[in-house]
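Since the structure comes first, as structure tokens, the remarks are kept for the end.
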Amino acid sequence: MHVPVPSSRPQGSEGTPPIRVPWLSRLLARDARVGIRRAIGDLLAGRPIVVAAPGATDRLVVPVESLDAAGLAALHEAGAPTLVVSATRAAALGGLAEVSEIALPRALGPHALMALAAGARAASPAPPVRADLGADAAIELVKLAKLLPAVVSVPAAAGDTAELARVDAEAALAFRAGHARSLRRVSSAPVPMRAVSDAELVVFRDELGEHWSMIVVGRPDTRGPVPVRLHSACLTGDAFGSLRCDCGDQLQMALAKIAALGGGALLYLAQEGCGLGLANKMRAYGLQEQGLDTVDANTTLGFETDERRYDVAAAMLEAVGIREVALLTNNPSKLAALRSAGIDVRERIPLLAPVGVRNRGYLEAKRRRAGHLMGDLPLRAVG
């Protein structure tokens, strides 16, 4: 398959000649993660990448959501394209709960492909079959890019793909485990807020360019447990006042509660939609409009029930000297995740927001299916 790409790709990445100017080589000192970060950027730009796995044919992969009719036709010219889907999507399509691939008929257009990758009532044109390690890595990479976890794959022809980003499957699958170590504190300043007048906003940045924030309320005493809230970003609830969730209410309640407890920290985590990203969160909302609850909407799209990790949160806390916390949460998985990351969670402080007509089903699903601690009685809407 011939993939037209610019010939001026920066040197020094995986699969390209090394830079021969000594001082420039030192300035551009690379580690194995650079090639993966570059591949994630290419996937976001809709460019194909090559994934190599031991004992398997190299794969050229393209995100499903970036393919139009011309792109699909080009992949069919290359050979026999397959749709690679995550384990949860494979299970939804009647296969085993493993990363799988499905042979794509030539007549399947872009809209039908998207429906097959993420629709609630899609029927597979062929049985999903277990894929190889390269497919596992491809799904992990599009998840890291916050894209839909589905790619179209064809065997890579070495002569035609020399200038594409090339990724080792094992390195891609190990990337997330080292991600928290990339976090760097980049800036901070006092930011008075409605809920708390004495607050400092501390900004961190990771190797993928995402920003993670911490609101330090007052002057917390780090000699004992510090009141802490882990709050995943929710643009719709926090900024726009969405009535579908309780996030905006929890954000303001947490800040006020932390202030009342004498100071602490609220971590604002770049994990919109349980780690799906904003675009996929809206896709999940669309599925909820068709009758699915929040858990089934996420898994229908091919994600886990909750894609969030809290090793970055632990790194943020350690960066400001907080190692013992009293955690404001209803979610027991946050307690376990922080503890496994080395933070001493001494206490859980409940944070129950008002229940409304629009968010009652969402909250019931979180309690019943995700194990959130909200009591045993049915949730009743107020107001």
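Residue numbering restarts at 1 for every chain of the structure tokens, chains are lettered A, B, ... in their displayed order, and ligands are numbered from 1 as they appear.
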Using 10 Å as the limit and counting only C-alpha atoms, can you tabulate each residue of stretch 148-240 of chain A that touches stretch 113-120 of chain A, with its shortest atom-to-atom distance in Å and the two atoms involved, as JSON lines?
```
{"residue": "A:Leu148", "atom": "CA", "partner": "A:Ala118", "partner_atom": "CA", "distance": 8.0}
{"residue": "A:Pro149", "atom": "CA", "partner": "A:Ala117", "partner_atom": "CA", "distance": 8.2}
{"residue": "A:Ala150", "atom": "CA", "partner": "A:Ala117", "partner_atom": "CA", "distance": 6.2}
{"residue": "A:Val151", "atom": "CA", "partner": "A:Ala117", "partner_atom": "CA", "distance": 8.7}
{"residue": "A:Val152", "atom": "CA", "partner": "A:Leu113", "partner_atom": "CA", "distance": 9.5}
```
For the residues selected in the previous step, produce a file with N, CA, C and O atoms as an mmCIF file, in the first residue's frame.
```cif
data_model
loop_
_atom_site.group_PDB
_atom_site.id
_atom_site.type_symbol
_atom_site.label_atom_id
_atom_site.label_comp_id
_atom_site.auth_asym_id
_atom_site.auth_seq_id
_atom_site.Cartn_x
_atom_site.Cartn_y
_atom_site.Cartn_z
ATOM 1 N N LEU A 148 -11.834 6.733 19.684
ATOM 2 C CA LEU A 148 -12.648 5.530 19.790
ATOM 3 C C LEU A 148 -11.728 4.309 19.721
ATOM 4 O O LEU A 148 -10.836 4.244 18.860
ATOM 5 N N PRO A 149 -11.896 3.301 20.589
ATOM 6 C CA PRO A 149 -10.980 2.156 20.596
ATOM 7 C C PRO A 149 -11.274 1.159 19.475
ATOM 8 O O PRO A 149 -11.706 0.024 19.707
ATOM 9 N N ALA A 150 -11.022 1.594 18.271
ATOM 10 C CA ALA A 150 -11.221 0.747 17.092
ATOM 11 C C ALA A 150 -10.342 1.288 15.975
ATOM 12 O O ALA A 150 -10.284 2.502 15.755
ATOM 13 N N VAL A 151 -9.645 0.387 15.276
ATOM 14 C CA VAL A 151 -8.797 0.776 14.151
ATOM 15 C C VAL A 151 -9.045 -0.177 12.997
ATOM 16 O O VAL A 151 -9.530 -1.295 13.183
ATOM 17 N N VAL A 152 -8.719 0.294 11.790
ATOM 18 C CA VAL A 152 -8.695 -0.592 10.636
ATOM 19 C C VAL A 152 -7.235 -0.919 10.361
ATOM 20 O O VAL A 152 -6.368 -0.036 10.391
#
```
I'd like the contact shell of stretch 206-218 of chain A - 6 Å cut-off, only C-alpha atoms, skipping same-chain residues fewer than 2 positions apart - returned as number ranges by chain. A: 182-183, 198-204, 263-270
Could you list, as a list in words, every residue within 9 Å of A:Ala131, counting only C-alpha atoms and ignoring same-chain residues fewer than 5 positions away?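 Final neighbour list, sorted by chain and number: Val84, Glu98, Val99, Ser100, Glu101 and Asp136 of chain A.
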Can you check which parts of stretch 159-214 of chain A lie within 12 Å of stretch 55-77 of chain A? Per residue, the shortest pair of atoms and distance in Å to one decimal, counting only C-alpha atoms, sorted by chain and number, as JSON lines.
```
{"residue": "A:Asp160", "atom": "CA", "partner": "A:Leu60", "partner_atom": "CA", "distance": 10.5}
{"residue": "A:Thr161", "atom": "CA", "partner": "A:Leu60", "partner_atom": "CA", "distance": 8.2}
{"residue": "A:Ala162", "atom": "CA", "partner": "A:Leu60", "partner_atom": "CA", "distance": 11.3}
{"residue": "A:Leu164", "atom": "CA", "partner": "A:Leu60", "partner_atom": "CA", "distance": 9.2}
{"residue": "A:Ala165", "atom": "CA", "partner": "A:Leu60", "partner_atom": "CA", "distance": 9.9}
{"residue": "A:Arg166", "atom": "CA", "partner": "A:Leu60", "partner_atom": "CA", "distance": 9.1}
{"residue": "A:Val167", "atom": "CA", "partner": "A:Asp58", "partner_atom": "CA", "distance": 9.7}
{"residue": "A:Asp168", "atom": "CA", "partner": "A:Asp58", "partner_atom": "CA", "distance": 9.6}
{"residue": "A:Ala169", "atom": "CA", "partner": "A:Asp58", "partner_atom": "CA", "distance": 9.8}
```
When you look at A:Leu287 with a cut-off of 12 Å (counting only C-alpha atoms), what residues show up, excluding the ones that are within fewer than 4 positions of it in the same chain? I need them as a PDB file with N, CA and C atoms, in the first residue's frame.
```pdb
ATOM      1  N   ALA A 115     -20.806   2.382  12.874  1.00  0.00           N
ATOM      2  CA  ALA A 115     -21.855   1.667  13.589  1.00  0.00           C
ATOM      3  C   ALA A 115     -21.347   0.317  14.085  1.00  0.00           C
ATOM      4  N   ALA A 118     -19.035   1.037  17.096  1.00  0.00           N
ATOM      5  CA  ALA A 118     -19.528   1.698  18.310  1.00  0.00           C
ATOM      6  C   ALA A 118     -21.040   1.764  18.436  1.00  0.00           C
ATOM      7  N   GLY A 119     -21.790   1.187  17.519  1.00  0.00           N
ATOM      8  CA  GLY A 119     -23.245   1.292  17.570  1.00  0.00           C
ATOM      9  C   GLY A 119     -23.863   0.327  18.562  1.00  0.00           C
ATOM     10  N   ALA A 120     -25.070   0.672  19.037  1.00  0.00           N
ATOM     11  CA  ALA A 120     -25.739  -0.146  20.051  1.00  0.00           C
ATOM     12  C   ALA A 120     -26.347  -1.410  19.471  1.00  0.00           C
ATOM     13  N   ARG A 121     -26.710  -1.399  18.213  1.00  0.00           N
ATOM     14  CA  ARG A 121     -27.434  -2.540  17.639  1.00  0.00           C
ATOM     15  C   ARG A 121     -26.725  -3.106  16.416  1.00  0.00           C
ATOM     16  N   ASN A 280     -15.737  10.955  23.282  1.00  0.00           N
ATOM     17  CA  ASN A 280     -16.324   9.649  23.558  1.00  0.00           C
ATOM     18  C   ASN A 280     -17.397   9.732  24.641  1.00  0.00           C
ATOM     19  N   LYS A 281     -17.245  10.661  25.558  1.00  0.00           N
ATOM     20  CA  LYS A 281     -18.288  10.870  26.561  1.00  0.00           C
ATOM     21  C   LYS A 281     -19.593  11.283  25.888  1.00  0.00           C
ATOM     22  N   MET A 282     -19.514  12.161  24.884  1.00  0.00           N
ATOM     23  CA  MET A 282     -20.726  12.552  24.169  1.00  0.00           C
ATOM     24  C   MET A 282     -21.298  11.379  23.373  1.00  0.00           C
ATOM     25  N   ARG A 283     -20.419  10.515  22.853  1.00  0.00           N
ATOM     26  CA  ARG A 283     -20.919   9.296  22.191  1.00  0.00           C
ATOM     27  C   ARG A 283     -21.673   8.426  23.196  1.00  0.00           C
ATOM     28  N   GLY A 291     -31.366   4.421  25.620  1.00  0.00           N
ATOM     29  CA  GLY A 291     -31.836   3.541  26.676  1.00  0.00           C
ATOM     30  C   GLY A 291     -30.769   2.840  27.479  1.00  0.00           C
ATOM     31  N   LEU A 292     -29.491   2.992  27.131  1.00  0.00           N
ATOM     32  CA  LEU A 292     -28.425   2.342  27.894  1.00  0.00           C
ATOM     33  C   LEU A 292     -28.098   3.159  29.137  1.00  0.00           C
ATOM     34  N   ASP A 293     -27.650   2.479  30.202  1.00  0.00           N
ATOM     35  CA  ASP A 293     -27.181   3.238  31.347  1.00  0.00           C
ATOM     36  C   ASP A 293     -25.716   3.615  31.141  1.00  0.00           C
ATOM     37  N   THR A 294     -25.140   4.343  32.094  1.00  0.00           N
ATOM     38  CA  THR A 294     -23.792   4.878  31.905  1.00  0.00           C
ATOM     39  C   THR A 294     -22.736   3.780  31.781  1.00  0.00           C
ATOM     40  N   VAL A 295     -22.952   2.640  32.468  1.00  0.00           N
ATOM     41  CA  VAL A 295     -21.997   1.539  32.388  1.00  0.00           C
ATOM     42  C   VAL A 295     -22.061   0.868  31.026  1.00  0.00           C
ATOM     43  N   ASP A 296     -23.266   0.506  30.589  1.00  0.00           N
ATOM     44  CA  ASP A 296     -23.411  -0.177  29.303  1.00  0.00           C
ATOM     45  C   ASP A 296     -23.036   0.728  28.130  1.00  0.00           C
ATOM     46  N   ALA A 297     -23.252   2.028  28.271  1.00  0.00           N
ATOM     47  CA  ALA A 297     -22.854   2.950  27.197  1.00  0.00           C
ATOM     48  C   ALA A 297     -21.344   2.915  27.009  1.00  0.00           C
ATOM     49  N   ASN A 298     -20.600   2.931  28.105  1.00  0.00           N
ATOM     50  CA  ASN A 298     -19.137   2.908  28.002  1.00  0.00           C
ATOM     51  C   ASN A 298     -18.636   1.609  27.375  1.00  0.00           C
ATOM     52  N   THR A 299     -19.178   0.482  27.807  1.00  0.00           N
ATOM     53  CA  THR A 299     -18.686  -0.802  27.292  1.00  0.00           C
ATOM     54  C   THR A 299     -19.151  -1.037  25.857  1.00  0.00           C
ATOM     55  N   THR A 300     -20.304  -0.508  25.490  1.00  0.00           N
ATOM     56  CA  THR A 300     -20.754  -0.632  24.097  1.00  0.00           C
ATOM     57  C   THR A 300     -19.789   0.074  23.156  1.00  0.00           C
ATOM     58  N   LEU A 301     -19.218   1.179  23.591  1.00  0.00           N
ATOM     59  CA  LEU A 301     -18.234   1.900  22.781  1.00  0.00           C
ATOM     60  C   LEU A 301     -16.884   1.185  22.723  1.00  0.00           C
TER      61      LEU A 301
END
```
